[in-house]
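Raw protein-v8.txt, compact mmCIF, N, CA and C atoms:
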# COMPACT_ATOMS: atom_id res chain seq x y z
N MET A 22 2.91 10.48 9.12
CA MET A 22 4.12 10.96 8.52
C MET A 22 4.00 11.04 6.99
N THR A 23 3.25 10.12 6.39
CA THR A 23 3.14 10.13 4.94
C THR A 23 2.49 11.42 4.43
N ARG A 24 1.48 11.90 5.16
CA ARG A 24 0.83 13.16 4.77
C ARG A 24 1.82 14.31 4.81
N GLU A 25 2.67 14.33 5.82
CA GLU A 25 3.64 15.41 5.96
C GLU A 25 4.67 15.39 4.83
N ILE A 26 5.10 14.20 4.42
CA ILE A 26 6.04 14.09 3.31
C ILE A 26 5.39 14.62 2.04
N GLU A 27 4.15 14.22 1.81
CA GLU A 27 3.45 14.70 0.62
C GLU A 27 3.26 16.21 0.66
N LYS A 28 2.92 16.74 1.83
CA LYS A 28 2.66 18.17 1.95
C LYS A 28 3.95 18.99 1.85
N ALA A 29 4.97 18.60 2.58
CA ALA A 29 6.20 19.39 2.65
C ALA A 29 7.05 19.27 1.40
N ALA A 30 7.18 18.06 0.88
CA ALA A 30 8.10 17.84 -0.24
C ALA A 30 7.38 17.59 -1.56
N ASP A 31 6.06 17.53 -1.53
CA ASP A 31 5.28 17.27 -2.72
C ASP A 31 5.71 15.97 -3.42
N ILE A 32 5.96 14.95 -2.59
CA ILE A 32 6.34 13.62 -3.07
C ILE A 32 5.21 12.66 -2.73
N PRO A 33 4.63 11.97 -3.71
CA PRO A 33 3.56 11.02 -3.39
C PRO A 33 4.10 9.85 -2.57
N VAL A 34 3.30 9.39 -1.62
CA VAL A 34 3.71 8.30 -0.73
C VAL A 34 2.60 7.26 -0.72
N VAL A 35 3.01 5.98 -0.75
CA VAL A 35 2.08 4.87 -0.64
C VAL A 35 2.40 4.11 0.64
N GLN A 36 1.37 3.76 1.38
CA GLN A 36 1.53 2.96 2.60
C GLN A 36 0.94 1.59 2.34
N ILE A 37 1.77 0.54 2.45
CA ILE A 37 1.26 -0.83 2.41
C ILE A 37 1.03 -1.23 3.85
N ALA A 38 -0.24 -1.52 4.17
CA ALA A 38 -0.58 -1.78 5.57
C ALA A 38 -1.63 -2.87 5.68
N THR A 39 -1.57 -3.62 6.77
CA THR A 39 -2.54 -4.68 6.97
C THR A 39 -3.78 -4.20 7.72
N ILE A 40 -3.66 -3.13 8.47
CA ILE A 40 -4.81 -2.62 9.22
C ILE A 40 -5.21 -1.28 8.61
N VAL A 41 -6.02 -1.35 7.57
CA VAL A 41 -6.41 -0.19 6.79
C VAL A 41 -7.12 0.88 7.63
N PRO A 42 -8.01 0.51 8.56
CA PRO A 42 -8.67 1.56 9.34
C PRO A 42 -7.70 2.47 10.11
N ILE A 43 -6.59 1.93 10.55
CA ILE A 43 -5.59 2.77 11.24
C ILE A 43 -4.98 3.75 10.25
N MET A 44 -4.68 3.29 9.05
CA MET A 44 -4.11 4.18 8.04
C MET A 44 -5.08 5.29 7.68
N LEU A 45 -6.37 4.96 7.62
CA LEU A 45 -7.37 5.99 7.35
C LEU A 45 -7.42 7.00 8.50
N THR A 46 -7.32 6.51 9.72
CA THR A 46 -7.37 7.38 10.90
C THR A 46 -6.19 8.34 10.95
N VAL A 47 -4.99 7.85 10.61
CA VAL A 47 -3.80 8.71 10.68
C VAL A 47 -3.64 9.58 9.45
N GLY A 48 -4.49 9.37 8.45
CA GLY A 48 -4.51 10.28 7.30
C GLY A 48 -3.66 9.89 6.12
N THR A 49 -3.27 8.64 6.02
CA THR A 49 -2.51 8.20 4.85
C THR A 49 -3.36 8.40 3.60
N ASN A 50 -2.78 8.98 2.56
CA ASN A 50 -3.54 9.28 1.36
C ASN A 50 -3.68 8.11 0.40
N ARG A 51 -2.60 7.37 0.17
CA ARG A 51 -2.63 6.23 -0.76
C ARG A 51 -2.34 4.97 0.05
N ILE A 52 -3.33 4.08 0.08
CA ILE A 52 -3.22 2.88 0.91
C ILE A 52 -3.34 1.64 0.04
N VAL A 53 -2.38 0.73 0.19
CA VAL A 53 -2.44 -0.58 -0.45
C VAL A 53 -2.56 -1.60 0.68
N PRO A 54 -3.69 -2.31 0.76
CA PRO A 54 -3.85 -3.31 1.82
C PRO A 54 -2.82 -4.43 1.68
N GLY A 55 -2.16 -4.75 2.79
CA GLY A 55 -1.18 -5.83 2.82
C GLY A 55 -1.86 -7.17 3.01
N VAL A 56 -1.05 -8.22 3.09
CA VAL A 56 -1.56 -9.59 3.15
C VAL A 56 -2.04 -9.96 4.55
N ALA A 57 -1.15 -9.90 5.54
CA ALA A 57 -1.48 -10.29 6.90
C ALA A 57 -0.51 -9.63 7.86
N ILE A 58 -0.88 -9.53 9.11
CA ILE A 58 -0.05 -8.84 10.08
C ILE A 58 1.36 -9.43 10.18
N PRO A 59 1.54 -10.74 10.31
CA PRO A 59 2.92 -11.22 10.42
C PRO A 59 3.74 -11.08 9.13
N HIS A 60 3.06 -11.03 7.97
CA HIS A 60 3.76 -10.93 6.68
C HIS A 60 2.98 -9.98 5.77
N PRO A 61 3.13 -8.67 5.96
CA PRO A 61 2.31 -7.72 5.21
C PRO A 61 2.60 -7.69 3.71
N VAL A 62 3.81 -8.03 3.29
CA VAL A 62 4.14 -7.90 1.87
C VAL A 62 4.54 -9.23 1.24
N GLY A 63 3.91 -10.31 1.68
CA GLY A 63 4.19 -11.61 1.09
C GLY A 63 3.29 -12.67 1.66
N ASP A 64 3.35 -13.86 1.08
CA ASP A 64 2.56 -14.99 1.57
C ASP A 64 3.36 -16.26 1.36
N TYR A 65 4.23 -16.54 2.30
CA TYR A 65 5.13 -17.68 2.18
C TYR A 65 4.41 -19.02 2.21
N SER A 66 3.14 -19.04 2.66
CA SER A 66 2.40 -20.30 2.72
C SER A 66 2.10 -20.87 1.33
N ASN A 67 2.23 -20.04 0.29
CA ASN A 67 2.00 -20.50 -1.09
C ASN A 67 3.28 -20.96 -1.77
N GLY A 68 4.34 -21.13 -1.02
CA GLY A 68 5.61 -21.54 -1.60
C GLY A 68 6.33 -20.36 -2.23
N PRO A 69 7.57 -20.58 -2.67
CA PRO A 69 8.37 -19.48 -3.21
C PRO A 69 7.73 -18.76 -4.40
N GLU A 70 7.16 -19.50 -5.33
CA GLU A 70 6.57 -18.86 -6.51
C GLU A 70 5.29 -18.09 -6.16
N GLY A 71 4.47 -18.67 -5.30
CA GLY A 71 3.26 -17.98 -4.87
C GLY A 71 3.58 -16.72 -4.10
N ASP A 72 4.60 -16.80 -3.25
CA ASP A 72 5.04 -15.63 -2.48
C ASP A 72 5.54 -14.54 -3.43
N ARG A 73 6.29 -14.95 -4.41
CA ARG A 73 6.81 -13.99 -5.40
C ARG A 73 5.68 -13.30 -6.15
N ARG A 74 4.66 -14.06 -6.53
CA ARG A 74 3.49 -13.48 -7.23
C ARG A 74 2.80 -12.43 -6.36
N VAL A 75 2.59 -12.77 -5.09
CA VAL A 75 1.93 -11.84 -4.17
C VAL A 75 2.75 -10.57 -4.01
N ARG A 76 4.05 -10.71 -3.80
CA ARG A 76 4.90 -9.53 -3.64
C ARG A 76 4.92 -8.67 -4.89
N ARG A 77 4.97 -9.30 -6.05
CA ARG A 77 4.98 -8.53 -7.29
C ARG A 77 3.67 -7.77 -7.49
N GLU A 78 2.55 -8.42 -7.20
CA GLU A 78 1.25 -7.78 -7.33
C GLU A 78 1.14 -6.57 -6.40
N LEU A 79 1.62 -6.72 -5.16
CA LEU A 79 1.61 -5.59 -4.22
C LEU A 79 2.47 -4.44 -4.73
N LEU A 80 3.63 -4.77 -5.24
CA LEU A 80 4.54 -3.74 -5.76
C LEU A 80 3.91 -3.02 -6.96
N GLU A 81 3.31 -3.78 -7.87
CA GLU A 81 2.68 -3.16 -9.03
C GLU A 81 1.51 -2.26 -8.62
N ARG A 82 0.76 -2.71 -7.61
CA ARG A 82 -0.36 -1.89 -7.13
C ARG A 82 0.16 -0.62 -6.48
N ALA A 83 1.25 -0.72 -5.72
CA ALA A 83 1.84 0.46 -5.08
C ALA A 83 2.37 1.43 -6.14
N LEU A 84 3.00 0.93 -7.18
CA LEU A 84 3.50 1.81 -8.25
C LEU A 84 2.35 2.51 -8.97
N LYS A 85 1.26 1.78 -9.19
CA LYS A 85 0.08 2.40 -9.81
C LYS A 85 -0.47 3.49 -8.89
N ALA A 86 -0.50 3.23 -7.60
CA ALA A 86 -0.99 4.22 -6.64
C ALA A 86 -0.13 5.48 -6.68
N LEU A 87 1.18 5.32 -6.79
CA LEU A 87 2.08 6.48 -6.87
C LEU A 87 1.80 7.34 -8.09
N GLN A 88 1.37 6.73 -9.17
CA GLN A 88 1.14 7.44 -10.42
C GLN A 88 -0.27 8.01 -10.54
N THR A 89 -1.14 7.68 -9.59
CA THR A 89 -2.54 8.08 -9.68
C THR A 89 -2.76 9.39 -8.95
N LYS A 90 -3.36 10.35 -9.63
CA LYS A 90 -3.72 11.61 -8.99
C LYS A 90 -4.95 11.36 -8.13
N ILE A 91 -4.90 11.80 -6.89
CA ILE A 91 -6.03 11.61 -5.98
C ILE A 91 -6.42 12.94 -5.35
N ASP A 92 -7.66 13.02 -4.90
CA ASP A 92 -8.15 14.21 -4.21
C ASP A 92 -8.53 13.92 -2.77
N GLU A 93 -8.57 12.64 -2.41
CA GLU A 93 -8.91 12.24 -1.06
C GLU A 93 -8.23 10.91 -0.76
N GLN A 94 -8.30 10.46 0.48
CA GLN A 94 -7.72 9.18 0.84
C GLN A 94 -8.27 8.10 -0.09
N THR A 95 -7.37 7.26 -0.60
CA THR A 95 -7.78 6.24 -1.56
C THR A 95 -7.15 4.91 -1.19
N ILE A 96 -7.98 3.87 -1.20
CA ILE A 96 -7.51 2.51 -0.96
C ILE A 96 -7.40 1.83 -2.32
N PHE A 97 -6.23 1.31 -2.63
CA PHE A 97 -5.98 0.63 -3.90
C PHE A 97 -6.10 -0.87 -3.67
N GLU A 98 -7.31 -1.36 -3.90
CA GLU A 98 -7.62 -2.77 -3.69
C GLU A 98 -7.08 -3.60 -4.84
N LYS A 99 -7.03 -4.90 -4.61
CA LYS A 99 -6.65 -5.85 -5.65
C LYS A 99 -7.70 -5.83 -6.74
N GLU A 100 -7.27 -5.80 -8.00
CA GLU A 100 -8.23 -5.75 -9.11
C GLU A 100 -8.74 -7.11 -9.45

Target encoding C-alpha cells, full file:
Amino acid sequence: MTREIEKAADIPVVQIATIVPIMLTVGTNRIVPGVAIPHPVGDYSNGPEGDRRVRRELLERALKALQTKIDEQTIFEKE
C-alpha cells in the first residue's frame, strides 16, 4: 500500500517494521527497522526514560527518511 500512496498521491511514506524482508518483498520504499515484534516502536524493558529514547530515535529516523530523496528501496538503519 505504501508504494501506491507514493505513486498515486506523490506523498513519501515510511514504514516502521520489525520484519524488514517482508517490507522489501511487498515493495516498501522507505523502511525503518522497528525494535521487536511485540513492541515495534518502543522498548519498555529499559524503563520509561529508555523507552522514550527509543521511540524518539525511531521517530527522528522516520522523519529523516521522509525528507530523503531515494531512487530505490532504502533501509534507514540506526546511525

Exercise. Expressed in Å to a single decimal, how great is the separation between CA of Thr89 in chain A and CA of Glu25 in chain A?
Worked result: 18.3 Å

Neighbours of point (-3.3, 14.6, -3.4) within 8 Å, using all atoms listed in the file, written as an mmCIF file with N, CA and C atoms, in the coordinates of the input:
data_model
loop_
_atom_site.group_PDB
_atom_site.id
_atom_site.type_symbol
_atom_site.label_atom_id
_atom_site.label_comp_id
_atom_site.auth_asym_id
_atom_site.auth_seq_id
_atom_site.Cartn_x
_atom_site.Cartn_y
_atom_site.Cartn_z
ATOM 1 N N GLU A 27 4.150 14.220 1.810
ATOM 2 C CA GLU A 27 3.450 14.700 0.620
ATOM 3 C C GLU A 27 3.260 16.210 0.660
ATOM 4 N N PRO A 33 4.630 11.970 -3.710
ATOM 5 C CA PRO A 33 3.560 11.020 -3.390
ATOM 6 C C PRO A 33 4.100 9.850 -2.570
ATOM 7 N N ASN A 50 -2.780 8.980 2.560
ATOM 8 C CA ASN A 50 -3.540 9.280 1.360
ATOM 9 C C ASN A 50 -3.680 8.110 0.400
ATOM 10 N N THR A 89 -1.140 7.680 -9.590
ATOM 11 C CA THR A 89 -2.540 8.080 -9.680
ATOM 12 C C THR A 89 -2.760 9.390 -8.950
ATOM 13 N N LYS A 90 -3.360 10.350 -9.630
ATOM 14 C CA LYS A 90 -3.720 11.610 -8.990
ATOM 15 C C LYS A 90 -4.950 11.360 -8.130
ATOM 16 N N ILE A 91 -4.900 11.800 -6.890
ATOM 17 C CA ILE A 91 -6.030 11.610 -5.980
ATOM 18 C C ILE A 91 -6.420 12.940 -5.350
ATOM 19 N N ASP A 92 -7.660 13.020 -4.900
ATOM 20 C CA ASP A 92 -8.150 14.210 -4.210
ATOM 21 C C ASP A 92 -8.530 13.920 -2.770
ATOM 22 N N GLU A 93 -8.570 12.640 -2.410
ATOM 23 C CA GLU A 93 -8.910 12.240 -1.060
ATOM 24 C C GLU A 93 -8.230 10.910 -0.760
ATOM 25 N N GLN A 94 -8.300 10.460 0.480
ATOM 26 C CA GLN A 94 -7.720 9.180 0.840
ATOM 27 C C GLN A 94 -8.270 8.100 -0.090
#

Exercise. Pick the closest to Leu79 in chain A from A:Asn67, A:Thr95, A:Pro54, A:Val34: which is it, counting all atoms listed in the file?
Worked result: A:Pro54

Problem set entry | Secondary structure check, strand (DSSP E) residues of chain A, as JSON, numbers by chain | {"A": [35, 36, 37, 38, 51, 52, 53, 54, 95, 96]}

For this session: One decimal, Å: what's the distance from atom C of Glu98 in chain A over to CA of Ile37 in chain A, could you say?
Result: 11.4 Å

Taking all atoms of range 45-57 of chain A that appear in the file, build a box with edges along x, y and z, extend it by 4 Å on every side, and state its centre and edge lengths in Å to one decimal, as AutoDock Vina command-line options.
--center_x -4.0 --center_y 0.0 --center_z 5.1 --size_x 14.9 --size_y 28.6 --size_z 19.7
